[in-house]
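Next comes structure-v4.cif, with mmCIF, C-alpha atoms.
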```
data_structure
loop_
_atom_site.label_atom_id
_atom_site.label_comp_id
_atom_site.auth_asym_id
_atom_site.auth_seq_id
_atom_site.Cartn_x
_atom_site.Cartn_y
_atom_site.Cartn_z
CA MET A 1060 221.64 42.46 200.42
CA LYS A 1061 222.21 44.15 197.14
CA HIS A 1062 222.56 41.69 194.26
CA PHE A 1063 224.87 42.05 191.33
CA SER A 1064 223.35 42.52 187.88
CA GLU A 1065 223.78 39.96 185.12
CA GLU A 1066 226.13 42.36 183.35
CA ASP A 1067 228.31 42.61 186.40
CA LEU A 1068 228.47 38.83 186.68
CA ILE A 1069 229.27 38.44 182.98
CA ALA A 1070 232.04 40.99 183.35
CA TYR A 1071 233.29 39.04 186.35
CA GLN A 1072 233.35 35.76 184.42
CA LEU A 1073 235.10 37.46 181.49
CA HIS A 1074 237.61 39.04 183.88
CA ASP A 1075 236.48 42.48 182.81
CA SER A 1076 235.04 43.43 186.19
CA SER A 1077 236.29 46.64 187.70
CA ASN A 1078 235.76 45.23 191.20
CA GLU A 1079 236.57 41.56 190.96
CA THR A 1080 237.41 41.05 194.62
CA ALA A 1081 234.14 42.49 195.86
CA THR A 1082 232.17 40.41 193.39
CA ARG A 1083 233.92 37.20 194.43
CA ARG A 1084 233.19 37.96 198.07
CA HIS A 1085 229.53 38.58 197.30
CA LEU A 1086 229.22 35.33 195.34
CA GLU A 1087 230.54 33.43 198.35
CA GLU A 1088 227.69 34.79 200.39
CA CYS A 1089 224.81 35.09 197.88
CA VAL A 1090 223.45 31.81 196.52
CA GLU A 1091 221.18 33.49 194.02
CA CYS A 1092 223.98 35.49 192.37
CA ALA A 1093 226.29 32.47 192.56
CA THR A 1094 223.75 30.42 190.65
CA VAL A 1095 223.48 33.02 187.89
CA SER A 1096 227.23 33.40 187.79
CA GLU A 1097 227.69 29.65 187.44
CA SER A 1098 225.12 29.63 184.65
CA ILE A 1099 227.11 32.30 182.84
CA ALA A 1100 230.31 30.36 183.34
CA GLU A 1101 228.67 27.22 181.95
CA THR A 1102 227.49 29.16 178.91
CA LEU A 1103 230.99 30.48 178.34
CA ARG A 1104 232.43 26.99 178.70
CA ALA A 1105 229.95 25.72 176.13
CA PHE A 1106 231.34 28.19 173.64
CA SER A 1107 234.96 27.73 174.50
CA ALA A 1108 235.67 24.31 173.19
CA GLU A 1109 234.77 24.89 169.55
CA PRO A 1110 237.78 23.91 167.47
CA VAL A 1111 238.91 26.10 164.59
CA PRO A 1112 239.55 24.31 161.30
CA LYS A 1113 242.95 24.88 159.77
CA LEU A 1114 242.67 26.58 156.42
CA ASP A 1115 245.11 25.80 153.64
CA LEU A 1116 247.56 28.68 153.50
CA GLU A 1117 249.18 27.67 150.21
CA ARG A 1118 245.90 27.31 148.37
CA ASN A 1119 244.65 30.62 149.72
CA TRP A 1120 247.88 32.33 148.76
CA GLN A 1121 247.68 31.04 145.21
CA ARG A 1122 244.08 32.21 144.93
CA LEU A 1123 244.93 35.58 146.40
CA ARG A 1124 248.05 36.15 144.35
CA GLY A 1125 246.08 36.04 141.13
CA ASN A 1126 244.03 39.00 142.33
CA LEU A 1127 246.94 41.14 143.45
CA SER A 1128 247.78 44.08 141.26
CA VAL A 1129 251.28 45.46 141.22
CA LEU A 1130 251.51 48.30 143.69
CA GLY A 1131 254.10 50.98 143.90
CA ASP A 1132 255.13 53.76 141.59
CA ASP A 1133 253.40 52.30 138.58
CA GLN A 1134 250.37 54.54 138.88
CA PRO A 1135 252.23 57.86 138.76
CA LYS A 1136 254.38 56.40 135.99
CA ARG A 1137 251.29 55.50 134.07
CA VAL A 1138 250.08 59.06 134.36
CA GLY A 1139 253.49 60.31 133.24
CA LEU A 1140 253.50 57.82 130.42
CA ARG A 1141 250.15 59.11 129.28
CA TRP A 1142 251.48 62.64 129.12
CA LYS A 1143 254.58 61.43 127.31
CA LEU A 1144 252.47 59.65 124.74
CA ILE A 1145 249.94 62.38 124.27
CA TRP A 1146 252.13 64.59 122.07
CA PRO A 1147 253.14 61.82 119.64
CA ALA A 1148 249.49 60.82 119.56
CA ILE A 1149 248.46 64.36 118.73
CA GLY A 1150 251.17 64.48 116.07
CA LEU A 1151 249.94 61.26 114.52
CA ALA A 1152 246.40 62.54 114.59
CA MET A 1153 247.46 65.73 112.82
CA VAL A 1154 249.34 63.76 110.16
CA ALA A 1155 246.33 61.51 109.67
CA LEU A 1156 244.12 64.58 109.37
CA LEU A 1157 246.41 66.11 106.76
CA VAL A 1158 246.43 62.85 104.79
CA VAL A 1159 242.65 62.71 104.88
CA ILE A 1160 242.42 66.33 103.72
CA PHE A 1161 244.92 65.69 100.95
CA ILE A 1162 243.07 62.59 99.79
CA ALA A 1163 239.78 64.43 99.91
CA LEU A 1164 241.12 67.36 97.89
CA HIS A 1165 242.92 65.07 95.46
CA GLY A 1166 239.84 62.95 95.08
CA SER A 1167 237.76 66.04 94.48
CA TYR A 1168 240.24 67.20 91.82
CA THR A 1169 240.17 63.78 90.20
CA MET A 1170 236.39 63.76 90.24
CA LYS A 1171 236.35 67.11 88.55
CA THR A 1172 238.97 66.37 85.91
CA ARG A 1173 238.76 62.64 85.34
CA ARG A 1174 235.35 61.22 85.82
CA ASN A 1175 234.40 57.72 84.75
CA VAL A 1176 237.82 56.16 84.77
CA ALA A 1177 237.79 52.73 83.17
CA ILE A 1178 240.45 50.05 83.35
CA ASN A 1179 241.06 47.37 80.75
CA GLY A 1180 244.39 46.05 81.91
CA HIS A 1181 246.54 48.78 80.41
CA GLY A 1182 245.91 51.56 82.82
CA PRO A 1183 243.08 53.98 83.20
CA LEU A 1184 241.21 55.26 80.22
CA THR A 1185 239.54 58.61 80.29
CA THR A 1186 236.02 58.57 79.02
CA GLU A 1187 235.71 62.26 78.49
CA PRO A 1188 237.38 63.27 75.20
CA ARG A 1189 238.49 66.91 75.12
CA ASP A 1190 237.65 67.33 71.47
CA PRO A 1191 234.10 66.37 70.48
CA ALA A 1192 235.34 65.54 66.97
CA ILE A 1193 237.30 62.65 68.45
CA ALA A 1194 234.07 60.72 68.79
CA ASP A 1195 233.76 60.48 65.00
CA HIS A 1196 237.43 59.55 64.77
CA LEU A 1197 237.05 56.79 67.34
CA ASP A 1198 233.91 55.54 65.65
CA SER A 1199 235.65 55.33 62.30
CA ALA A 1200 238.68 53.67 63.83
CA GLU A 1201 236.57 51.11 65.59
CA ARG A 1202 234.68 50.21 62.42
CA LEU A 1203 237.90 49.89 60.49
CA LEU A 1204 239.64 47.73 63.06
CA THR A 1205 236.54 45.58 63.53
CA GLU A 1206 236.45 44.99 59.81
CA VAL A 1207 240.15 44.15 59.73
CA ASN A 1208 239.76 41.90 62.73
CA ASN A 1209 236.83 40.00 61.29
CA THR A 1210 238.05 39.53 57.73
CA GLN A 1211 240.61 37.14 56.40
CA GLY A 1212 243.27 37.57 53.77
CA PRO A 1213 245.07 40.73 52.60
CA LEU A 1214 243.56 44.22 53.08
CA ASP A 1215 241.84 45.86 50.14
CA ASP A 1216 242.72 49.34 48.88
CA ILE A 1217 239.69 51.05 50.44
CA THR A 1218 240.63 49.78 53.86
CA ARG A 1219 244.20 50.91 53.39
CA GLU A 1220 243.05 54.35 52.30
CA GLN A 1221 240.77 54.64 55.34
CA ALA A 1222 243.65 53.63 57.54
CA HIS A 1223 245.90 56.24 55.97
CA HIS A 1224 243.25 58.95 56.45
CA LEU A 1225 242.64 57.96 60.08
CA LEU A 1226 246.36 57.86 60.74
CA LEU A 1227 246.71 61.52 59.74
CA LYS A 1228 243.80 62.60 61.93
CA ASN A 1229 245.00 60.36 64.75
CA ALA A 1230 248.27 62.24 65.00
CA VAL A 1231 246.31 65.43 65.64
CA TYR A 1232 244.21 63.82 68.36
CA VAL A 1233 247.26 62.32 70.03
CA HIS A 1234 248.79 65.75 70.18
CA ALA A 1235 245.55 67.24 71.53
CA ALA A 1236 245.30 64.57 74.21
CA ARG A 1237 248.86 65.21 75.32
CA GLU A 1238 248.28 68.92 75.41
CA SER A 1239 245.23 68.49 77.59
CA GLY A 1240 247.16 66.20 79.94
CA ASP A 1241 245.00 63.17 79.25
CA MET A 1242 247.86 60.76 78.95
CA ALA A 1243 245.68 57.69 79.12
CA GLN A 1244 243.69 58.76 76.09
CA ALA A 1245 246.89 59.76 74.34
CA ALA A 1246 248.31 56.30 75.01
CA VAL A 1247 245.30 54.59 73.45
CA LEU A 1248 245.44 56.86 70.42
CA GLU A 1249 249.18 56.24 70.06
CA ASN A 1250 248.51 52.55 70.10
CA LEU A 1251 245.83 53.09 67.49
CA GLY A 1252 248.28 55.12 65.42
CA ARG A 1253 250.84 52.31 65.52
CA VAL A 1254 248.26 49.84 64.20
CA LEU A 1255 247.08 52.30 61.55
CA THR A 1256 250.67 52.91 60.47
CA THR A 1257 251.17 49.19 60.09
CA LEU A 1258 247.97 48.92 58.08
CA ASP A 1259 249.07 51.80 55.88
CA ASN A 1260 252.58 50.55 55.27
CA GLU A 1261 252.71 46.80 55.73
CA PRO A 1262 253.02 44.71 52.56
CA GLU A 1263 249.97 42.78 51.53
CA THR A 1264 250.77 39.35 52.87
CA PRO A 1265 248.52 36.97 54.83
CA HIS A 1266 251.18 36.84 57.52
CA SER A 1267 251.22 40.62 58.09
CA THR A 1268 247.45 41.00 58.45
CA TRP A 1269 247.31 37.98 60.76
CA ARG A 1270 249.93 39.64 62.93
CA LEU A 1271 247.93 42.84 62.97
CA ARG A 1272 244.74 41.10 64.00
CA LEU A 1273 246.56 39.23 66.74
CA GLU A 1274 248.11 42.42 68.01
CA MET A 1275 244.80 44.25 68.10
CA ASN A 1276 243.17 41.45 70.08
CA THR A 1277 245.97 40.91 72.52
CA SER A 1278 246.57 44.54 73.14
CA GLY A 1279 242.91 45.19 73.76
CA LEU A 1280 243.05 48.15 71.44
CA LEU A 1281 239.57 47.56 70.13
CA LEU A 1282 238.18 47.36 73.60
CA ASP A 1283 239.93 50.57 74.59
CA ILE A 1284 238.52 52.38 71.60
CA ARG A 1285 235.02 51.06 72.27
CA ILE A 1286 235.16 52.27 75.84
CA LEU A 1287 236.29 55.69 74.77
CA ARG A 1288 233.67 55.91 72.05
CA GLN A 1289 230.75 54.63 74.06
CA ASN A 1290 231.47 56.96 76.92
CA ASP A 1291 231.88 59.78 74.52
CA ASP A 1292 228.46 58.97 73.05
CA GLY A 1293 227.03 58.98 76.54
CA ASN A 1294 228.51 62.37 77.29
CA GLN A 1295 227.16 63.78 74.10
CA GLY A 1296 223.71 62.41 74.88
CA ALA A 1297 223.78 63.93 78.32
CA ALA A 1298 224.88 67.25 76.87
CA GLN A 1299 221.91 67.21 74.50
CA MET B 1021 256.02 45.71 163.74
CA ASP B 1022 259.23 43.79 163.20
CA ARG B 1023 261.83 44.42 160.56
CA ALA B 1024 260.81 41.54 158.29
CA GLU B 1025 257.26 42.85 158.03
CA THR B 1026 258.43 46.38 157.42
CA GLU B 1027 260.73 45.15 154.68
CA ALA B 1028 257.97 43.04 153.16
CA ILE B 1029 255.61 46.00 153.06
CA ARG B 1030 258.32 48.13 151.48
CA GLU B 1031 258.86 45.53 148.78
CA VAL B 1032 255.16 45.16 148.11
CA LEU B 1033 254.85 48.90 147.74
CA GLY B 1034 257.81 48.76 145.40
CA GLY B 1035 255.95 46.42 143.07
CA ASN B 1036 256.90 42.98 144.41
CA ARG B 1037 253.61 41.15 144.91
CA ASP B 1038 255.28 38.00 146.18
CA ALA B 1039 256.63 39.84 149.21
CA TYR B 1040 253.06 39.89 150.51
CA ARG B 1041 253.44 36.18 151.15
CA VAL B 1042 255.62 37.03 154.16
CA LEU B 1043 252.74 38.90 155.77
CA MET B 1044 250.29 36.20 154.87
CA ASP B 1045 252.51 33.50 156.34
CA ARG B 1046 252.60 35.32 159.64
CA HIS B 1047 249.00 36.38 159.96
CA PHE B 1048 246.87 33.99 157.96
CA SER B 1049 246.29 31.73 160.94
CA SER B 1050 244.99 34.48 163.21
CA VAL B 1051 242.94 35.99 160.40
CA ALA B 1052 241.40 32.62 159.66
CA ARG B 1053 240.59 32.11 163.34
CA VAL B 1054 238.88 35.47 163.64
CA ALA B 1055 237.02 34.89 160.41
CA PHE B 1056 235.84 31.49 161.57
CA ARG B 1057 234.78 32.77 164.98
CA ILE B 1058 232.58 35.44 163.48
CA THR B 1059 231.20 33.60 160.49
CA GLY B 1060 230.89 30.24 162.21
CA ASN B 1061 231.76 28.11 159.23
CA GLU B 1062 234.87 27.17 157.32
CA GLU B 1063 233.64 28.16 153.88
CA ASP B 1064 232.77 31.70 154.87
CA ALA B 1065 235.89 31.96 156.99
CA GLU B 1066 238.02 31.24 153.96
CA GLU B 1067 236.13 33.78 151.90
CA VAL B 1068 236.57 36.40 154.61
CA ALA B 1069 240.27 35.64 155.01
CA GLN B 1070 240.80 36.01 151.28
CA GLU B 1071 238.89 39.26 151.11
CA ALA B 1072 240.58 40.66 154.20
CA PHE B 1073 244.06 40.03 152.83
CA LEU B 1074 243.05 41.46 149.47
CA ARG B 1075 241.62 44.59 151.10
CA ALA B 1076 244.72 44.99 153.21
CA TYR B 1077 246.90 44.64 150.14
CA ASN B 1078 245.00 47.28 148.23
CA LYS B 1079 245.03 49.62 151.22
CA LEU B 1080 248.69 48.99 151.96
CA PRO B 1081 249.82 52.34 150.46
CA SER B 1082 247.71 54.09 153.11
CA PHE B 1083 248.79 51.82 155.97
CA ARG B 1084 250.55 53.73 158.73
CA GLN B 1085 253.52 51.59 159.59
CA ASP B 1086 253.80 52.95 163.11
CA SER B 1087 250.98 50.58 164.07
CA ALA B 1088 251.04 46.80 164.03
CA PHE B 1089 250.09 45.04 160.81
CA SER B 1090 248.54 42.26 162.90
CA THR B 1091 246.10 44.66 164.59
CA TRP B 1092 245.30 46.26 161.29
CA ILE B 1093 244.62 43.02 159.42
CA VAL B 1094 242.51 41.63 162.27
CA ARG B 1095 240.47 44.79 162.26
CA ILE B 1096 239.90 44.46 158.54
CA THR B 1097 239.03 40.81 159.02
CA MET B 1098 236.47 41.56 161.69
CA ASN B 1099 234.76 44.17 159.58
CA THR B 1100 234.83 41.93 156.54
CA ALA B 1101 233.38 39.06 158.54
CA ILE B 1102 230.64 41.20 160.04
CA ASN B 1103 229.71 42.43 156.61
CA LEU B 1104 229.50 38.88 155.35
CA VAL B 1105 227.36 37.75 158.28
CA GLU B 1106 225.04 40.68 157.70
CA ARG B 1107 224.75 39.73 154.05
CA ARG B 1108 224.02 36.15 155.03
CA ASN B 1109 221.40 37.27 157.49
CA ARG B 1110 219.66 39.29 154.82
CA ASP B 1111 219.32 36.09 152.85
CA LEU B 1112 217.00 34.31 155.24
CA SER B 1113 217.30 31.03 153.45
CA TYR B 1114 221.07 30.91 153.74
CA ARG B 1115 222.21 28.38 156.28
CA ALA B 1116 218.97 28.74 158.17
CA PRO B 1117 218.73 25.73 160.50
CA ARG B 1118 215.90 23.38 159.68
CA ILE B 1119 214.24 20.92 161.99
CA ALA B 1120 214.88 17.25 161.22
CA ASP B 1121 214.55 13.93 163.01
CA GLU B 1122 218.26 13.31 162.56
CA PRO B 1123 220.27 16.55 162.88
CA SER B 1124 223.05 17.02 160.39
CA ALA B 1125 225.67 19.72 160.54
CA ALA B 1126 226.37 19.27 156.85
CA GLU B 1127 222.75 19.83 155.92
CA GLY B 1128 222.20 22.51 158.53
CA THR B 1129 219.43 20.67 160.32
CA VAL B 1130 218.73 20.53 164.03
CA ARG B 1131 216.44 18.45 166.19
CA VAL B 1132 214.12 19.95 168.71
CA ALA B 1133 215.29 18.97 172.17
CA ASP B 1134 212.99 16.62 174.01
CA GLY B 1135 212.48 16.40 177.74
CA GLN B 1136 213.58 12.77 177.97
CA ALA B 1137 217.14 13.38 176.84
CA GLY B 1138 219.55 14.28 179.63
CA PRO B 1139 220.86 17.82 179.54
CA GLU B 1140 224.49 16.75 179.90
CA GLY B 1141 224.11 14.31 177.04
CA GLU B 1142 222.54 16.99 174.88
CA LEU B 1143 225.38 19.40 175.43
CA LEU B 1144 228.13 16.86 175.04
CA GLY B 1145 226.50 15.03 172.20
CA ARG B 1146 226.47 15.67 168.54
CA GLU B 1147 223.63 18.15 168.84
CA ALA B 1148 225.73 20.48 170.93
CA ALA B 1149 227.38 22.05 167.91
CA SER B 1150 224.05 22.62 166.22
CA LEU B 1151 222.63 24.16 169.36
CA ARG B 1152 225.56 26.48 169.73
CA GLU B 1153 225.30 27.42 166.11
CA THR B 1154 221.62 28.18 166.49
CA ALA B 1155 222.29 30.27 169.56
CA MET B 1156 225.08 32.16 167.83
CA ALA B 1157 222.87 32.77 164.84
CA ALA B 1158 220.50 34.68 167.10
CA LEU B 1159 223.21 37.26 167.82
CA THR B 1160 223.72 40.35 165.76
CA PRO B 1161 226.95 40.39 163.76
CA MET B 1162 228.32 43.04 166.08
CA GLU B 1163 227.48 41.01 169.20
CA ARG B 1164 228.89 37.88 167.68
CA ALA B 1165 232.11 39.58 166.68
CA ALA B 1166 232.55 41.27 170.03
CA PHE B 1167 231.77 38.10 171.97
CA THR B 1168 233.97 35.76 169.96
CA MET B 1169 236.87 38.16 169.98
CA ARG B 1170 236.66 38.76 173.69
CA HIS B 1171 235.80 35.30 174.93
CA MET B 1172 237.33 32.95 172.37
CA GLU B 1173 240.30 34.97 171.16
CA GLU B 1174 240.79 36.93 174.39
CA VAL B 1175 241.22 40.20 172.57
CA PRO B 1176 241.16 43.19 174.94
CA MET B 1177 238.00 45.28 174.91
CA SER B 1178 239.92 48.32 173.77
CA GLU B 1179 241.13 46.54 170.64
CA ILE B 1180 237.69 45.18 169.91
CA ALA B 1181 236.27 48.66 170.23
CA GLU B 1182 238.91 50.05 167.94
CA ALA B 1183 238.40 47.33 165.38
CA LEU B 1184 234.66 47.75 165.33
CA ASN B 1185 234.97 51.52 165.43
CA ILE B 1186 232.86 51.83 168.57
CA THR B 1187 233.52 52.97 172.13
CA VAL B 1188 234.90 50.56 174.71
CA ASN B 1189 231.65 50.79 176.65
CA SER B 1190 229.66 49.90 173.54
CA ALA B 1191 231.94 46.95 172.94
CA LYS B 1192 231.37 45.76 176.50
CA GLN B 1193 227.63 46.13 176.14
CA ALA B 1194 227.75 44.12 172.93
CA VAL B 1195 229.60 41.32 174.72
CA PHE B 1196 227.25 41.36 177.67
CA ARG B 1197 224.19 41.21 175.46
CA ALA B 1198 225.72 38.34 173.56
CA VAL B 1199 226.43 36.28 176.65
CA SER B 1200 222.99 36.97 178.02
CA LYS B 1201 221.31 35.87 174.79
CA LEU B 1202 223.43 32.74 174.56
CA ARG B 1203 222.68 31.80 178.11
CA ARG B 1204 218.95 32.09 177.52
CA SER B 1205 219.17 30.21 174.26
CA LEU B 1206 220.84 27.25 175.92
CA ALA B 1207 218.83 27.27 179.10
CA PRO B 1208 215.78 25.24 177.90
CA VAL B 1209 217.90 22.36 176.61
CA ALA B 1210 220.84 22.54 178.94
CA GLY B 1211 218.72 22.07 182.00
CA GLY B 1212 221.52 23.02 184.28
CA LEU B 1213 221.66 26.47 182.80
CA ARG B 1214 219.32 28.76 184.58
#
```
Mind converting the file's structure to structure tokens?
Amino acid sequence: MKHFSEEDLIAYQLHDSSNETATRRHLEECVECATVSESIAETLRAFSAEPVPKLDLERNWQRLRGNLSVLGDDQPKRVGLRWKLIWPAIGLAMVALLVVIFIALHGSYTMKTRRNVAINGHGPLTTEPRDPAIADHLDSAERLLTEVNNTQGPLDDITREQAHHLLLKNAVYVHAARESGDMAQAAVLENLGRVLTTLDNEPETPHSTWRLRLEMNTSGLLLDIRILRQNDDGNQGAAQ
Amino acid sequence: MDRAETEAIREVLGGNRDAYRVLMDRHFSSVARVAFRITGNEEDAEEVAQEAFLRAYNKLPSFRQDSAFSTWIVRITMNTAINLVERRNRDLSYRAPRIADEPSAAEGTVRVADGQAGPEGELLGREAASLRETAMAALTPMERAAFTMRHMEEVPMSEIAEALNITVNSAKQAVFRAVSKLRRSLAPVAGGLR
């Protein structure tokens, strides 16, 4: 008697046998194959009764939903959006580039024409006088104003005469500063000229000189002149 | 595939994520069952079910709607579960059964069967689950998947073969090998199994 293989008997028990009737007939006659077949059936029964736990659908959905990206036409749109945005982006980049170039050129021009810009609260002061003779003028003006600022009482005649002389020269330097385009220096010199005019013309009263001293301090005129003069000295030293 | 599922897929593809809930409502149970059969534990089954639904969602634009979503998602689940089991097997320490005087399913321990205990009592007792688990652990992921799908879920061989991307004959051989191994694993303690 030809016996069935284990595979045949497993297929029979799983109802996957191609010849189920013949196998059943053989098992009725063959004790050996019937024993193996029953062993297979017992094994299958042992693995049939395992219950399946019920998983929480709602909890799993909530966990899953957080990981779901939005599908659909968004991806092509995103590509289209990128192309739509690319030209404005390029435009902005070009504008930014032009601004940078302009600032660089303007900064270069400023560096060439207006080095050492100082600020004392009244706007920038140039520290590079166009006329070298202005250094002497500024020095004289500073000494005069310092003397006026540090003395009390009415001005003497020598001081008034110095003021008058400086006032005449100052007008020339103001004009020169304006001509050269150095408006900051011209502004300081104009301020100096106003003080010198007052010194030259004001009556000799304690009140008038006090007002002058106050104006010089509050306006920072002395400080402006010192900055101009000191920088001018520095430039002259470097030139030598 | 019925109209509700077709409509749900259309909405999902149109950008409505919540429409995917319709598909999950219908198929989560079967996916969870398949996942549990192959992985053998609830924790991994949940992980597989999650991953399978996520994979299906991301692949939905390429899903051919002339086939059934249920077949498709089960196929994804089986592959996902097999991959997970293979990963677990690579980690030898993961869920490896350990011998203990008092077996505990929670701690993954089993007791060596002794000759004095009756075979019927062993199989019907609390050690039966551990013994089955040990026997199942000896199967390859492919054998386990093929066996559980065919025997426990009664999935036709042709569908198993398609899901596992193998021939029908290979699927049958995988099932046969699985049953043979299980039978031999249980034989020493079952007594009645020969």
What lies within 12 Å of Arg1203 in chain B using all atoms listed in the file, ignoring chain neighbours under 2 positions off, as a PyMOL selection string? (chain A and resi 1065+1069+1095-1106) or (chain B and resi 1151-1152+1155-1156+1158-1159+1196-1201+1205-1214)
Set the cut-off to 7 Å and count all atoms listed in the file: what are the residues of chain B that reach chain A? Output as a compact mmCIF listing (two decimals) with C-alpha atoms, in the coordinates of the input.
```txt
# COMPACT_ATOMS: atom_id res chain seq x y z
CA VAL B 1032 255.16 45.16 148.11
CA LEU B 1033 254.85 48.90 147.74
CA GLY B 1034 257.81 48.76 145.40
CA GLY B 1035 255.95 46.42 143.07
CA ASN B 1036 256.90 42.98 144.41
CA ARG B 1037 253.61 41.15 144.91
CA PHE B 1048 246.87 33.99 157.96
CA ALA B 1052 241.40 32.62 159.66
CA ARG B 1053 240.59 32.11 163.34
CA PHE B 1056 235.84 31.49 161.57
CA GLU B 1062 234.87 27.17 157.32
CA GLN B 1070 240.80 36.01 151.28
CA LEU B 1074 243.05 41.46 149.47
CA HIS B 1171 235.80 35.30 174.93
CA MET B 1172 237.33 32.95 172.37
CA PHE B 1196 227.25 41.36 177.67
CA LEU B 1202 223.43 32.74 174.56
CA ARG B 1203 222.68 31.80 178.11
CA LEU B 1213 221.66 26.47 182.80
CA ARG B 1214 219.32 28.76 184.58
```
How many Å lie between CA of Pro1161 in chain B and CA of Glu1174 in chain B, rounded to one decimal?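 Atom-to-atom, CA of Pro1161 in chain B to CA of Glu1174 in chain B, that is 17.8 Å.
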What is the distance, in Å and to one decimal place, between CA of Met1177 in chain B and CA of Asn1189 in chain B?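 The value is 8.6 Å.
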Residues returned when the PyMOL selection byres ((chain B and resi 1096-1098) around 7) runs on this file, as a PyMOL selection string: chain B and resi 1051+1054-1055+1068-1069+1072+1092-1095+1099-1102+1165
List the residues selected by the PyMOL selection byres ((chain B and resi 1022-1026) around 12) in the file shown, writing them as an NGL selection string. :B and (1021 or 1027-1033 or 1039-1047 or 1080 or 1083-1090)
Smallest atom-to-atom distance to Leu1086 in chain A: which of A:Thr1218, A:Ser1064, A:Pro1213, A:Arg1237, using all atoms listed in the file?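 Checking each of A:Thr1218, A:Ser1064, A:Pro1213, A:Arg1237 against Leu1086 in chain A, counting all atoms listed in the file, the winner is A:Ser1064.
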When you draw a straight line from CA of Val1175 in chain B to CA of Thr1160 in chain B, how long is it in Å?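 For CA of Val1175 in chain B relative to CA of Thr1160 in chain B, the distance reads 18.8 Å.
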Once the PyMOL selection byres ((chain B and resi 1178) around 12) is applied to the coordinates I shared, what remains selected? I want it as a count of residues only. 23
Point out the residue among B:Asn1103, B:Gly1060, B:Ala1065, B:Asp1111 with the least atom-to-atom distance to Thr1154 in chain B, counting only C-alpha atoms.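 Using only C-alpha atoms, Thr1154 in chain B sits closest to B:Gly1060.
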Have range 1048-1061 of chain B completed to N, CA and C atoms, please, and pass it along as an mmCIF file, in the frame of the given file.
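File written: result_25.cif
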```
data_model
loop_
_atom_site.group_PDB
_atom_site.id
_atom_site.type_symbol
_atom_site.label_atom_id
_atom_site.label_comp_id
_atom_site.auth_asym_id
_atom_site.auth_seq_id
_atom_site.Cartn_x
_atom_site.Cartn_y
_atom_site.Cartn_z
ATOM 1 N N PHE B 1048 248.018 34.699 158.531
ATOM 2 C CA PHE B 1048 246.870 33.990 157.960
ATOM 3 C C PHE B 1048 246.137 33.178 159.033
ATOM 4 N N SER B 1049 246.901 32.575 159.910
ATOM 5 C CA SER B 1049 246.290 31.730 160.940
ATOM 6 C C SER B 1049 245.350 32.536 161.835
ATOM 7 N N SER B 1050 245.837 33.675 162.316
ATOM 8 C CA SER B 1050 244.990 34.480 163.210
ATOM 9 C C SER B 1050 243.801 35.070 162.464
ATOM 10 N N VAL B 1051 244.041 35.458 161.216
ATOM 11 C CA VAL B 1051 242.940 35.990 160.400
ATOM 12 C C VAL B 1051 241.877 34.920 160.182
ATOM 13 N N ALA B 1052 242.340 33.714 159.891
ATOM 14 C CA ALA B 1052 241.400 32.620 159.660
ATOM 15 C C ALA B 1052 240.607 32.299 160.925
ATOM 16 N N ARG B 1053 241.274 32.374 162.067
ATOM 17 C CA ARG B 1053 240.590 32.110 163.340
ATOM 18 C C ARG B 1053 239.494 33.145 163.596
ATOM 19 N N VAL B 1054 239.860 34.398 163.425
ATOM 20 C CA VAL B 1054 238.880 35.470 163.640
ATOM 21 C C VAL B 1054 237.714 35.318 162.664
ATOM 22 N N ALA B 1055 238.060 35.045 161.425
ATOM 23 C CA ALA B 1055 237.020 34.890 160.410
ATOM 24 C C ALA B 1055 236.085 33.737 160.750
ATOM 25 N N PHE B 1056 236.670 32.649 161.225
ATOM 26 C CA PHE B 1056 235.840 31.490 161.570
ATOM 27 C C PHE B 1056 234.974 31.783 162.800
ATOM 28 N N ARG B 1057 235.544 32.464 163.770
ATOM 29 C CA ARG B 1057 234.780 32.770 164.980
ATOM 30 C C ARG B 1057 233.536 33.596 164.637
ATOM 31 N N ILE B 1058 233.702 34.533 163.756
ATOM 32 C CA ILE B 1058 232.580 35.440 163.480
ATOM 33 C C ILE B 1058 231.594 34.831 162.493
ATOM 34 N N THR B 1059 232.114 34.160 161.491
ATOM 35 C CA THR B 1059 231.200 33.600 160.490
ATOM 36 C C THR B 1059 230.606 32.272 160.936
ATOM 37 N N GLY B 1060 231.397 31.501 161.681
ATOM 38 C CA GLY B 1060 230.890 30.240 162.210
ATOM 39 C C GLY B 1060 230.998 29.062 161.276
ATOM 40 N N ASN B 1061 231.567 29.263 160.110
ATOM 41 C CA ASN B 1061 231.760 28.110 159.230
ATOM 42 C C ASN B 1061 233.012 28.298 158.373
#
```
